[in-house]
Amino acid sequence: YKPFPLQIEPCRSVGPHELDVVKSQAVIKLSPVPLPAHFKRLECNTNLNLPPLNWLTTSHSSHGLHQALYQSAGFASFRLGQMFPDCVGEVDVVSDAENIKQLLKLPYSAQSAISMVVHKVGNTLLLDEFDIQKYLLRKEDDDWKWLRTFILEHILTYGDTQHNYCLKERSREALQTKNLLSKFLYHSLKQTGEELDYDVATTPTQLTSRRHGLPITGPVLPEPKIEENVPDPKSSHAFNRNVVWTFEDIRMLIGTDMPIFGGPNRPCISLRLRDAAQPINVLTGIDYWLDNLMCNVPEVVMCYHLDGIVQKYEIIKTEDLPYLENSQFSPQVVRNVAQNILAFLKANATKAGHTYWLFKGRNDDVVKLYDLTTLCQSQSQAAEKSESDPPQQQVNPFTVPVGMLLYSVARNMKNTLPRISPKAAGNIRALLDNCIKLLPKEQYPQIVSSSHYILSDLHVPAGIDPTEPKFEEDSDDQSLYDDDEEDDEDDYEDDLNCDYASENSYQSSEQGGGRANVAVRHICDALRDFKSHAKKAKPAPLLATTAERCSISLEHISSGLSCLQYFNGSQEEKLKESETHAKQEEKQRILHEEQNPNMAKPFSAIPLPYEQLKVSQQQAVPALKKPSSKAKRSKSKELATTAKTKSSSASNRQLSAKFNTQHFGSWNVHLKLLLLEKACLTFATLAEQHYESRSYGSTLRSIELACQCQQVLNKYMANVVSQYSCLLGRAGDCFFQMSKHWEDIEEYEQQYEDQDKSMGVITKELAHELEGEEEELPTLAPVKNVEQVMLHSCKCYELALEHAQKAESNELLRRLGNVRNELGLKYMYWAQEEYSEVMKKKESVKVAGDTELENTPSSDSADPLYVKLTVNSYDCLRRGIEAFTTVQDNVNLAFLYCNMGRFMRLRAHLTMPNESAIALDTQKAFYNEAFNYYVKAKDCLDTRKANPELWDLVHWELSTATFTLAKQLQDYSTADKTSLAEASKEVLELLQKSLKLCDVEHPGARQVLYSFRSGLIHKRIASFHYSQLRSHCSCDFAQLPKATLQLCKYHYEKATQILEALKETGELLVVQLERISLHEFLAELSTHPAQKIKQMQAAFDICLQCQLIFAHVIDTNSGQAGDDEFAGHLTLFESRLQNALKTLTKLLLTGKDPKQLSKLYKRMYMETLTGKHGTGAQQLPATGPKHLHTLLARLRAMCDAQLA
């Protein structure tokens, strides 16, 4: 007879029921245990009291059964949060599965005690069992004295105190039941083939390896150490499965050790051992049901025994478990419990970083929630006042683990999100702000300074363009923490079926003095509104202006830098501790090897260690340099490129290991460089903002600090991308703009001096780093000297060009050329003003006397200031031309050539110290240089269409230069008789050329000026021809050159027309006087009386035409009437009028006068003599134009009467 395994029968004790669907889904995040274990059915009458051969083995094939019943999970939520930081914030609860089951069984287990600590991290609650007896009430534990005192005085003062707080059954019967279940599970484990004896110690590393493999898109940052992550670092419990369980609308990250078995026919079942003599109760049924839901197990197989002897198997579907006879429960009630407890905790455990204690004693009907952090603080204050306990004893052991978890979650969110929206940035900011509040920077400088760095990077992300910073804008995408809380509130109000106004069992935490209570009977009701009256604020989205972002970023950078001072002390202490710990571990290892010699195992290969040749050395060097070369790349978006995820993650893992274990000083430098790079980018961005708002002093301050940051980076790293060209280029722009807005220079100086607290900290750190270093850059402080400011601008551009790439250099050269052009013009104007002052002094000295004239040269041995200014002007313009020639900027080059032409014209009129006067030939040479520059400017533009405005400017300058030179040669010619013809010819050519250059066709501001100039040129040409006529040797009218005479008359007439149209009375009067003089000259040369009369009549007609001139002077009330020169011209005009009438009277009296004109002219002549009181010379100048206008009107009337 061969015994056979028992058959599994369907359970017959399931009562009739309607299908009540419960929404449940479980997704395994990580499971180090091979799933499922092979199930072996036991034979009938198998004695479970006898241990199997494999009982309590820790082999890999035991499927984690050894820890399912005997190992305590400890504070598991912290380990789960550190392993899966991506879940924290997305799920509602993180906890051990046993804690969740304990809470959900509340309505059915009034006699059980509950003691849990609750922490809020983001939008997630961390729940952990808090064994009062284990952690607080043992005499040797002195760490939690403040909490133990509170519990003994306030909580355990009634009833059976020892029984009231005891969480677990520790009776002999309970231990025997657990041992029997353990033996049953090992009996049910099917052994297959050979086993490899893996040690369980590898499990924690498998679990924690996920942390190191996080995607790293930012710089390498320090990680919290294992002992800092959890309140109980000695506990190394690793769950068989880590699951994200969605129960109805609640998401939970849980750890569970429930064994799962499977076989050919039933691939996934859970095994339960039941005493056939005892019926199943409600708590056990809920336990089985929740375990299966949490692990997505569809069936449970129950093995019945009598005193350890196997009787039979029964199988039940998971959805039938609530309806077993004698253990029925409502899934709806369990759902309500889950939702109500979650709502209750979220409504009261609201402060991030605070430790809350959820407590219910045995037989209590109220669950209480205490804020232990507030309690700890009040105890500390009381201790300080009484001085009975030192303050250091009042320490909350959860503070540091919570702070570390906040940091890990925030860092994970920052590194893994593809784009960080303002809402996500607000959530990360809230996490890190709380982390910084919780962690003392003196003990944890690495984490605190890293938090400040991440916060600064949130406000000013790496990779933004300082000139056009673009930040993520708010969108409709939901944030990680958006779990529709507003909708939930509406649901709460809709589902309230009763009036709870009479119930006083629930209090808000404010009303209860830091304590909130809820009656157990209310937990299983329909969903209640446990929200407190005050609406809980979500983290505000990170929305700010660029200037505000930069300011906040600088505050975090300065705070991060201030943490660096604590690195050395704390790290030395930890280094000593780690060295002591390492020595102890080494002793234990040697002792273990002596007691357990390493023997070879059959069927196991002995691994032979090896290493690659010549590679280790090459790999060792970058490992030390990576903190700097990878950590800092100015304006770099990523330090570990996503294109090489495998290699980069491996190197980053190696890097963080190196930092954490060997090179403590490296983190100090590494984080300092990260912060200073961020400061460089922030200052550059801030400088652009100040520049746009025209705060040029603040801009220079920001640029100077950014350059110093860059200098520190260059000191530590060789391959940093230089930002000097951008920064110094903008500094050059600032100085140039200051010179344009010189009236605000004092304000700019004040802006440069002003700096806030964060800038002061950064400045101090930079000064410390750069102490003893050579100054690479000049100071950027503004000065009250416009010349120096513009020279600073040039210097900045030149330094920027030294560091610029080829693409950037062209723009910098343009800006440099522009400043040199402006500075050249300023030097030119200053030289002109200085020269005029020198000339005035010389004139005054000449007037004062010869003695002073002799003494002045000896006192002025050096070159006069105007000479230096002239040289500087030429040099600036020349170098500006070189800059624009290099970049082939023709428009600006035309400007420079035009200004250089203007400079040459100025130089033509300057007398050097060793010259008494400027020679005309020297002036001609300078003017010819100017003409060449104007021609070059036109060549750059090619045609007027290219740039009409600039073309017209060059054309005007050329016209002016030509006309000015012609005037100089015409008025001050010193040519002798031999060279007079050539000089005259040259003058005429220049006048004709300048006339051609008068652009009267194109309308514009200069059209009137061109017209006036053309009138003057016609007048000068006519005067030139008139002088030619007068200098002609012949004294006979017939021998005069007719062409010259015609040209002379033509140009006088043109000048008259133009000046009359422009109503230029002064110049027109001079032209008319010259015309009268011409006719008088022709009358003198005429031999025939009739010719003489004809010429004098023409002169008289011109006199009558001048009536219009005097009329216009009277109408416009022109100031010319009081001008001495104009008054002299009036007197001359009156004498010429009298002379014409007198001459005509004489000529007609001596000759034939058929029309009796001599009498008319005589009366007219008498009128000119008697029509005024006194002579013209004695008359007041102001009445001259009126008198002459009246006189000419009378004379014209007399002529008209005679003709009639």
# chains A, B, ... in the order shown; residues from 1 in each chain; ligands from 1
$ residues_around --residues "region 285-289 of chain A" --least-positions-apart "4" --cutoff "12 Å" --atoms "only C-alpha atoms" --output "PDB file with N, CA, C and O atoms, in the first residue's frame"
ATOM      1  N   VAL A  14     -19.939  27.994   2.125  1.00  0.00           N
ATOM      2  CA  VAL A  14     -20.161  29.352   1.638  1.00  0.00           C
ATOM      3  C   VAL A  14     -21.652  29.583   1.508  1.00  0.00           C
ATOM      4  O   VAL A  14     -22.348  28.833   0.822  1.00  0.00           O
ATOM      5  N   VAL A  22     -15.791  44.262  -5.554  1.00  0.00           N
ATOM      6  CA  VAL A  22     -14.869  45.208  -4.910  1.00  0.00           C
ATOM      7  C   VAL A  22     -13.739  45.507  -5.890  1.00  0.00           C
ATOM      8  O   VAL A  22     -13.128  44.581  -6.440  1.00  0.00           O
ATOM      9  N   SER A  24     -10.278  46.069  -6.885  1.00  0.00           N
ATOM     10  CA  SER A  24      -8.959  45.790  -6.304  1.00  0.00           C
ATOM     11  C   SER A  24      -7.998  45.397  -7.408  1.00  0.00           C
ATOM     12  O   SER A  24      -8.327  44.603  -8.286  1.00  0.00           O
ATOM     13  N   ALA A  97       1.796  45.503   4.942  1.00  0.00           N
ATOM     14  CA  ALA A  97       0.449  44.989   4.722  1.00  0.00           C
ATOM     15  C   ALA A  97      -0.244  44.665   6.040  1.00  0.00           C
ATOM     16  O   ALA A  97      -1.474  44.830   6.165  1.00  0.00           O
ATOM     17  N   GLU A  98       0.510  44.203   7.047  1.00  0.00           N
ATOM     18  CA  GLU A  98      -0.104  43.836   8.332  1.00  0.00           C
ATOM     19  C   GLU A  98      -0.741  45.053   8.996  1.00  0.00           C
ATOM     20  O   GLU A  98      -1.793  44.945   9.633  1.00  0.00           O
ATOM     21  N   ASN A  99      -0.120  46.232   8.853  1.00  0.00           N
ATOM     22  CA  ASN A  99      -0.701  47.442   9.440  1.00  0.00           C
ATOM     23  C   ASN A  99      -2.010  47.810   8.758  1.00  0.00           C
ATOM     24  O   ASN A  99      -2.975  48.221   9.412  1.00  0.00           O
ATOM     25  N   ILE A 100      -2.061  47.674   7.444  1.00  0.00           N
ATOM     26  CA  ILE A 100      -3.289  47.978   6.700  1.00  0.00           C
ATOM     27  C   ILE A 100      -4.409  47.046   7.149  1.00  0.00           C
ATOM     28  O   ILE A 100      -5.541  47.472   7.409  1.00  0.00           O
ATOM     29  N   LYS A 101      -4.077  45.748   7.256  1.00  0.00           N
ATOM     30  CA  LYS A 101      -5.098  44.775   7.686  1.00  0.00           C
ATOM     31  C   LYS A 101      -5.587  45.103   9.092  1.00  0.00           C
ATOM     32  O   LYS A 101      -6.786  45.012   9.384  1.00  0.00           O
ATOM     33  N   GLN A 102      -4.687  45.493   9.961  1.00  0.00           N
ATOM     34  CA  GLN A 102      -5.063  45.800  11.337  1.00  0.00           C
ATOM     35  C   GLN A 102      -6.043  46.963  11.385  1.00  0.00           C
ATOM     36  O   GLN A 102      -7.013  46.951  12.156  1.00  0.00           O
ATOM     37  N   LEU A 103      -5.818  47.979  10.554  1.00  0.00           N
ATOM     38  CA  LEU A 103      -6.727  49.119  10.533  1.00  0.00           C
ATOM     39  C   LEU A 103      -8.077  48.758   9.926  1.00  0.00           C
ATOM     40  O   LEU A 103      -9.124  49.191  10.414  1.00  0.00           O
ATOM     41  N   LEU A 104      -8.059  47.972   8.864  1.00  0.00           N
ATOM     42  CA  LEU A 104      -9.313  47.645   8.193  1.00  0.00           C
ATOM     43  C   LEU A 104     -10.177  46.696   9.012  1.00  0.00           C
ATOM     44  O   LEU A 104     -11.378  46.572   8.766  1.00  0.00           O
ATOM     45  N   LYS A 105      -9.575  46.019   9.988  1.00  0.00           N
ATOM     46  CA  LYS A 105     -10.340  45.110  10.855  1.00  0.00           C
ATOM     47  C   LYS A 105     -10.864  45.811  12.104  1.00  0.00           C
ATOM     48  O   LYS A 105     -11.445  45.170  12.984  1.00  0.00           O
ATOM     49  N   LEU A 106     -10.662  47.143  12.198  1.00  0.00           N
ATOM     50  CA  LEU A 106     -11.031  47.885  13.409  1.00  0.00           C
ATOM     51  C   LEU A 106     -12.456  47.621  13.904  1.00  0.00           C
ATOM     52  O   LEU A 106     -12.652  47.319  15.090  1.00  0.00           O
ATOM     53  N   PRO A 107     -13.469  47.703  13.038  1.00  0.00           N
ATOM     54  CA  PRO A 107     -14.840  47.556  13.560  1.00  0.00           C
ATOM     55  C   PRO A 107     -15.126  46.161  14.127  1.00  0.00           C
ATOM     56  O   PRO A 107     -16.035  46.002  14.930  1.00  0.00           O
ATOM     57  N   TYR A 108     -14.350  45.167  13.700  1.00  0.00           N
ATOM     58  CA  TYR A 108     -14.609  43.787  14.118  1.00  0.00           C
ATOM     59  C   TYR A 108     -13.677  43.336  15.235  1.00  0.00           C
ATOM     60  O   TYR A 108     -13.724  42.196  15.669  1.00  0.00           O
ATOM     61  N   SER A 109     -12.744  44.216  15.647  1.00  0.00           N
ATOM     62  CA  SER A 109     -11.758  43.794  16.650  1.00  0.00           C
ATOM     63  C   SER A 109     -11.650  44.838  17.750  1.00  0.00           C
ATOM     64  O   SER A 109     -10.627  45.497  17.895  1.00  0.00           O
ATOM     65  N   MET A 258       3.337  37.228   2.497  1.00  0.00           N
ATOM     66  CA  MET A 258       2.455  36.070   2.396  1.00  0.00           C
ATOM     67  C   MET A 258       2.990  35.063   1.377  1.00  0.00           C
ATOM     68  O   MET A 258       3.270  35.420   0.233  1.00  0.00           O
ATOM     69  N   ILE A 269      -2.213  30.145  -5.578  1.00  0.00           N
ATOM     70  CA  ILE A 269      -3.088  29.956  -4.417  1.00  0.00           C
ATOM     71  C   ILE A 269      -2.342  30.402  -3.167  1.00  0.00           C
ATOM     72  O   ILE A 269      -1.117  30.491  -3.150  1.00  0.00           O
ATOM     73  N   SER A 270      -3.130  30.700  -2.107  1.00  0.00           N
ATOM     74  CA  SER A 270      -2.530  30.911  -0.792  1.00  0.00           C
ATOM     75  C   SER A 270      -2.921  29.745   0.100  1.00  0.00           C
ATOM     76  O   SER A 270      -4.010  29.168  -0.063  1.00  0.00           O
ATOM     77  N   LEU A 271      -2.028  29.366   0.999  1.00  0.00           N
ATOM     78  CA  LEU A 271      -2.254  28.216   1.871  1.00  0.00           C
ATOM     79  C   LEU A 271      -2.582  28.682   3.274  1.00  0.00           C
ATOM     80  O   LEU A 271      -1.922  29.576   3.805  1.00  0.00           O
ATOM     81  N   ARG A 272      -3.605  28.062   3.880  1.00  0.00           N
ATOM     82  CA  ARG A 272      -3.976  28.379   5.245  1.00  0.00           C
ATOM     83  C   ARG A 272      -4.152  27.079   6.046  1.00  0.00           C
ATOM     84  O   ARG A 272      -4.649  26.078   5.508  1.00  0.00           O
ATOM     85  N   LEU A 273      -3.734  27.087   7.294  1.00  0.00           N
ATOM     86  CA  LEU A 273      -3.870  25.930   8.180  1.00  0.00           C
ATOM     87  C   LEU A 273      -4.971  26.225   9.196  1.00  0.00           C
ATOM     88  O   LEU A 273      -4.918  27.237   9.892  1.00  0.00           O
ATOM     89  N   ARG A 274      -5.997  25.340   9.250  1.00  0.00           N
ATOM     90  CA  ARG A 274      -7.135  25.549  10.127  1.00  0.00           C
ATOM     91  C   ARG A 274      -7.288  24.374  11.084  1.00  0.00           C
ATOM     92  O   ARG A 274      -7.117  23.206  10.704  1.00  0.00           O
ATOM     93  N   PRO A 279     -14.258  26.745  14.770  1.00  0.00           N
ATOM     94  CA  PRO A 279     -14.808  27.405  13.576  1.00  0.00           C
ATOM     95  C   PRO A 279     -13.965  28.635  13.218  1.00  0.00           C
ATOM     96  O   PRO A 279     -13.311  29.225  14.074  1.00  0.00           O
ATOM     97  N   ILE A 280     -14.036  29.016  11.979  1.00  0.00           N
ATOM     98  CA  ILE A 280     -13.323  30.207  11.513  1.00  0.00           C
ATOM     99  C   ILE A 280     -14.064  31.456  11.990  1.00  0.00           C
ATOM    100  O   ILE A 280     -15.296  31.481  12.023  1.00  0.00           O
ATOM    101  N   ASN A 281     -13.345  32.498  12.436  1.00  0.00           N
ATOM    102  CA  ASN A 281     -14.016  33.725  12.876  1.00  0.00           C
ATOM    103  C   ASN A 281     -13.886  34.837  11.836  1.00  0.00           C
ATOM    104  O   ASN A 281     -13.198  34.697  10.826  1.00  0.00           O
ATOM    105  N   LEU A 293      -6.428  39.730  -1.831  1.00  0.00           N
ATOM    106  CA  LEU A 293      -6.622  40.932  -2.659  1.00  0.00           C
ATOM    107  C   LEU A 293      -5.307  41.662  -2.875  1.00  0.00           C
ATOM    108  O   LEU A 293      -5.012  42.142  -3.973  1.00  0.00           O
ATOM    109  N   MET A 294      -4.512  41.765  -1.817  1.00  0.00           N
ATOM    110  CA  MET A 294      -3.251  42.509  -1.908  1.00  0.00           C
ATOM    111  C   MET A 294      -2.264  41.871  -2.873  1.00  0.00           C
ATOM    112  O   MET A 294      -1.379  42.562  -3.398  1.00  0.00           O
ATOM    113  N   CYS A 295      -2.388  40.562  -3.078  1.00  0.00           N
ATOM    114  CA  CYS A 295      -1.424  39.872  -3.946  1.00  0.00           C
ATOM    115  C   CYS A 295      -2.061  39.336  -5.217  1.00  0.00           C
ATOM    116  O   CYS A 295      -1.428  38.555  -5.942  1.00  0.00           O
ATOM    117  N   ASN A 296      -3.316  39.740  -5.496  1.00  0.00           N
ATOM    118  CA  ASN A 296      -4.020  39.253  -6.694  1.00  0.00           C
ATOM    119  C   ASN A 296      -4.105  37.733  -6.730  1.00  0.00           C
ATOM    120  O   ASN A 296      -3.974  37.111  -7.794  1.00  0.00           O
ATOM    121  N   VAL A 297      -4.298  37.104  -5.596  1.00  0.00           N
ATOM    122  CA  VAL A 297      -4.408  35.642  -5.535  1.00  0.00           C
ATOM    123  C   VAL A 297      -5.885  35.274  -5.628  1.00  0.00           C
ATOM    124  O   VAL A 297      -6.686  35.728  -4.798  1.00  0.00           O
ATOM    125  N   PRO A 298      -6.285  34.435  -6.599  1.00  0.00           N
ATOM    126  CA  PRO A 298      -7.728  34.190  -6.820  1.00  0.00           C
ATOM    127  C   PRO A 298      -8.347  33.173  -5.866  1.00  0.00           C
ATOM    128  O   PRO A 298      -9.564  33.151  -5.707  1.00  0.00           O
ATOM    129  N   GLU A 299      -7.498  32.323  -5.241  1.00  0.00           N
ATOM    130  CA  GLU A 299      -8.068  31.234  -4.431  1.00  0.00           C
ATOM    131  C   GLU A 299      -7.230  31.038  -3.175  1.00  0.00           C
ATOM    132  O   GLU A 299      -6.027  31.333  -3.153  1.00  0.00           O
ATOM    133  N   VAL A 300      -7.905  30.486  -2.136  1.00  0.00           N
ATOM    134  CA  VAL A 300      -7.199  30.108  -0.927  1.00  0.00           C
ATOM    135  C   VAL A 300      -7.489  28.629  -0.652  1.00  0.00           C
ATOM    136  O   VAL A 300      -8.639  28.172  -0.759  1.00  0.00           O
ATOM    137  N   VAL A 301      -6.451  27.859  -0.359  1.00  0.00           N
ATOM    138  CA  VAL A 301      -6.587  26.433  -0.014  1.00  0.00           C
ATOM    139  C   VAL A 301      -6.399  26.311   1.485  1.00  0.00           C
ATOM    140  O   VAL A 301      -5.364  26.720   2.035  1.00  0.00           O
ATOM    141  N   MET A 302      -7.408  25.772   2.176  1.00  0.00           N
ATOM    142  CA  MET A 302      -7.337  25.602   3.628  1.00  0.00           C
ATOM    143  C   MET A 302      -7.119  24.128   3.947  1.00  0.00           C
ATOM    144  O   MET A 302      -7.828  23.260   3.424  1.00  0.00           O
ATOM    145  N   ILE A 316     -11.377  27.733  -1.628  1.00  0.00           N
ATOM    146  CA  ILE A 316     -12.409  28.779  -1.664  1.00  0.00           C
ATOM    147  C   ILE A 316     -11.905  29.901  -2.575  1.00  0.00           C
ATOM    148  O   ILE A 316     -10.747  30.297  -2.501  1.00  0.00           O
ATOM    149  N   LYS A 317     -12.793  30.401  -3.393  1.00  0.00           N
ATOM    150  CA  LYS A 317     -12.450  31.566  -4.209  1.00  0.00           C
ATOM    151  C   LYS A 317     -12.370  32.813  -3.315  1.00  0.00           C
ATOM    152  O   LYS A 317     -13.103  32.933  -2.343  1.00  0.00           O
ATOM    153  N   THR A 318     -11.514  33.731  -3.711  1.00  0.00           N
ATOM    154  CA  THR A 318     -11.301  34.929  -2.888  1.00  0.00           C
ATOM    155  C   THR A 318     -12.582  35.727  -2.716  1.00  0.00           C
ATOM    156  O   THR A 318     -12.887  36.211  -1.614  1.00  0.00           O
ATOM    157  N   GLU A 319     -13.378  35.865  -3.803  1.00  0.00           N
ATOM    158  CA  GLU A 319     -14.598  36.665  -3.692  1.00  0.00           C
ATOM    159  C   GLU A 319     -15.664  36.011  -2.816  1.00  0.00           C
ATOM    160  O   GLU A 319     -16.635  36.662  -2.410  1.00  0.00           O
ATOM    161  N   ASP A 320     -15.495  34.666  -2.478  1.00  0.00           N
ATOM    162  CA  ASP A 320     -16.465  33.992  -1.616  1.00  0.00           C
ATOM    163  C   ASP A 320     -16.090  34.095  -0.142  1.00  0.00           C
ATOM    164  O   ASP A 320     -16.906  33.744   0.728  1.00  0.00           O
ATOM    165  N   LEU A 321     -14.885  34.558   0.182  1.00  0.00           N
ATOM    166  CA  LEU A 321     -14.441  34.578   1.577  1.00  0.00           C
ATOM    167  C   LEU A 321     -15.331  35.416   2.495  1.00  0.00           C
ATOM    168  O   LEU A 321     -15.545  35.041   3.653  1.00  0.00           O
ATOM    169  N   PRO A 322     -15.903  36.566   2.046  1.00  0.00           N
ATOM    170  CA  PRO A 322     -16.765  37.321   2.965  1.00  0.00           C
ATOM    171  C   PRO A 322     -18.056  36.603   3.351  1.00  0.00           C
ATOM    172  O   PRO A 322     -18.758  37.067   4.252  1.00  0.00           O
ATOM    173  N   TYR A 323     -18.376  35.466   2.697  1.00  0.00           N
ATOM    174  CA  TYR A 323     -19.677  34.841   2.907  1.00  0.00           C
ATOM    175  C   TYR A 323     -19.565  33.455   3.519  1.00  0.00           C
ATOM    176  O   TYR A 323     -20.490  32.643   3.420  1.00  0.00           O
ATOM    177  N   LEU A 324     -18.438  33.139   4.158  1.00  0.00           N
ATOM    178  CA  LEU A 324     -18.291  31.865   4.866  1.00  0.00           C
ATOM    179  C   LEU A 324     -19.218  31.847   6.079  1.00  0.00           C
ATOM    180  O   LEU A 324     -19.400  32.868   6.748  1.00  0.00           O
ATOM    181  N   GLU A 325     -19.757  30.673   6.361  1.00  0.00           N
ATOM    182  CA  GLU A 325     -20.618  30.549   7.525  1.00  0.00           C
ATOM    183  C   GLU A 325     -19.829  30.870   8.791  1.00  0.00           C
ATOM    184  O   GLU A 325     -18.675  30.471   8.932  1.00  0.00           O
ATOM    185  N   ASN A 326     -20.489  31.584   9.710  1.00  0.00           N
ATOM    186  CA  ASN A 326     -19.925  31.973  11.009  1.00  0.00           C
ATOM    187  C   ASN A 326     -18.838  33.050  10.921  1.00  0.00           C
ATOM    188  O   ASN A 326     -18.292  33.447  11.948  1.00  0.00           O
ATOM    189  N   SER A 327     -18.509  33.456   9.705  1.00  0.00           N
ATOM    190  CA  SER A 327     -17.475  34.517   9.593  1.00  0.00           C
ATOM    191  C   SER A 327     -17.826  35.511   8.498  1.00  0.00           C
ATOM    192  O   SER A 327     -16.956  35.974   7.784  1.00  0.00           O
ATOM    193  N   GLN A 328     -19.099  35.789   8.388  1.00  0.00           N
ATOM    194  CA  GLN A 328     -19.513  36.697   7.331  1.00  0.00           C
ATOM    195  C   GLN A 328     -19.178  38.154   7.706  1.00  0.00           C
ATOM    196  O   GLN A 328     -19.279  38.536   8.868  1.00  0.00           O
ATOM    197  N   PHE A 329     -18.790  38.914   6.693  1.00  0.00           N
ATOM    198  CA  PHE A 329     -18.537  40.349   6.877  1.00  0.00           C
ATOM    199  C   PHE A 329     -18.884  41.063   5.581  1.00  0.00           C
ATOM    200  O   PHE A 329     -19.011  40.436   4.519  1.00  0.00           O
ATOM    201  N   SER A 330     -19.046  42.362   5.667  1.00  0.00           N
ATOM    202  CA  SER A 330     -19.460  43.142   4.492  1.00  0.00           C
ATOM    203  C   SER A 330     -18.247  43.805   3.839  1.00  0.00           C
ATOM    204  O   SER A 330     -17.583  44.630   4.474  1.00  0.00           O
ATOM    205  N   PRO A 331     -17.937  43.483   2.588  1.00  0.00           N
ATOM    206  CA  PRO A 331     -16.857  44.194   1.886  1.00  0.00           C
ATOM    207  C   PRO A 331     -17.111  45.704   1.821  1.00  0.00           C
ATOM    208  O   PRO A 331     -16.171  46.501   1.817  1.00  0.00           O
ATOM    209  N   VAL A 333     -18.459  47.524   4.166  1.00  0.00           N
ATOM    210  CA  VAL A 333     -18.025  48.102   5.436  1.00  0.00           C
ATOM    211  C   VAL A 333     -16.512  48.260   5.460  1.00  0.00           C
ATOM    212  O   VAL A 333     -15.981  49.279   5.907  1.00  0.00           O
ATOM    213  N   VAL A 334     -15.800  47.248   4.963  1.00  0.00           N
ATOM    214  CA  VAL A 334     -14.331  47.336   4.926  1.00  0.00           C
ATOM    215  C   VAL A 334     -13.893  48.499   4.035  1.00  0.00           C
ATOM    216  O   VAL A 334     -12.961  49.230   4.355  1.00  0.00           O
ATOM    217  N   ARG A 335     -14.602  48.661   2.921  1.00  0.00           N
ATOM    218  CA  ARG A 335     -14.288  49.793   2.037  1.00  0.00           C
ATOM    219  C   ARG A 335     -14.509  51.114   2.764  1.00  0.00           C
ATOM    220  O   ARG A 335     -13.689  52.035   2.695  1.00  0.00           O
TER     221      ARG A 335
END
$ residues_around --residues "Leu561 (chain A)" --least-positions-apart "2" --cutoff "10 Å" --atoms "only C-alpha atoms" --output "MDAnalysis selection string"
chainID A and resid 445 449 452:453 555:559 563:565 668 671:673 675:676 758 761:762 765
$ atom_distance --atom1 "CA of Met912 (chain A)" --atom2 "CA of Gln832 (chain A)"
12.8 Å
$ residues_around --residues "Leu1069 (chain A)" --least-positions-apart "3" --cutoff "9 Å" --atoms "only C-alpha atoms" --output "short mmCIF file (atom, residue, chain, number, x, y, z; two decimals) with N, CA and C atoms, in the first residue's frame"
data_model
loop_
_atom_site.label_atom_id
_atom_site.label_comp_id
_atom_site.auth_asym_id
_atom_site.auth_seq_id
_atom_site.Cartn_x
_atom_site.Cartn_y
_atom_site.Cartn_z
N GLU A 1064 15.98 134.82 -48.19
CA GLU A 1064 17.23 135.05 -47.45
C GLU A 1064 17.66 136.49 -47.73
N THR A 1065 17.15 137.43 -46.95
CA THR A 1065 17.28 138.86 -47.27
C THR A 1065 18.72 139.36 -47.19
N GLY A 1066 19.47 138.87 -46.21
CA GLY A 1066 20.84 139.36 -46.04
C GLY A 1066 21.70 139.04 -47.24
N GLN A 1072 22.42 141.62 -54.76
CA GLN A 1072 21.92 142.76 -55.53
C GLN A 1072 22.93 143.91 -55.56
N LEU A 1073 23.60 144.13 -54.47
CA LEU A 1073 24.64 145.17 -54.44
C LEU A 1073 25.77 144.85 -55.42
N GLU A 1074 26.13 143.52 -55.46
CA GLU A 1074 27.20 143.14 -56.40
C GLU A 1074 26.73 143.32 -57.83
N CYS A 1106 14.83 145.77 -55.03
CA CYS A 1106 15.17 145.52 -53.61
C CYS A 1106 14.04 145.88 -52.66
N ILE A 1109 12.93 142.98 -50.68
CA ILE A 1109 13.81 142.60 -49.57
C ILE A 1109 13.41 143.34 -48.31
N PHE A 1126 24.47 144.28 -41.80
CA PHE A 1126 23.28 144.56 -42.61
C PHE A 1126 23.03 146.08 -42.71
N HIS A 1129 25.25 147.46 -45.20
CA HIS A 1129 24.76 147.17 -46.56
C HIS A 1129 23.62 148.09 -46.94
N LEU A 1130 22.78 148.47 -45.94
CA LEU A 1130 21.69 149.41 -46.23
C LEU A 1130 22.24 150.78 -46.64
N PHE A 1133 23.66 150.53 -50.02
CA PHE A 1133 22.58 150.47 -51.01
C PHE A 1133 22.04 151.88 -51.30
#
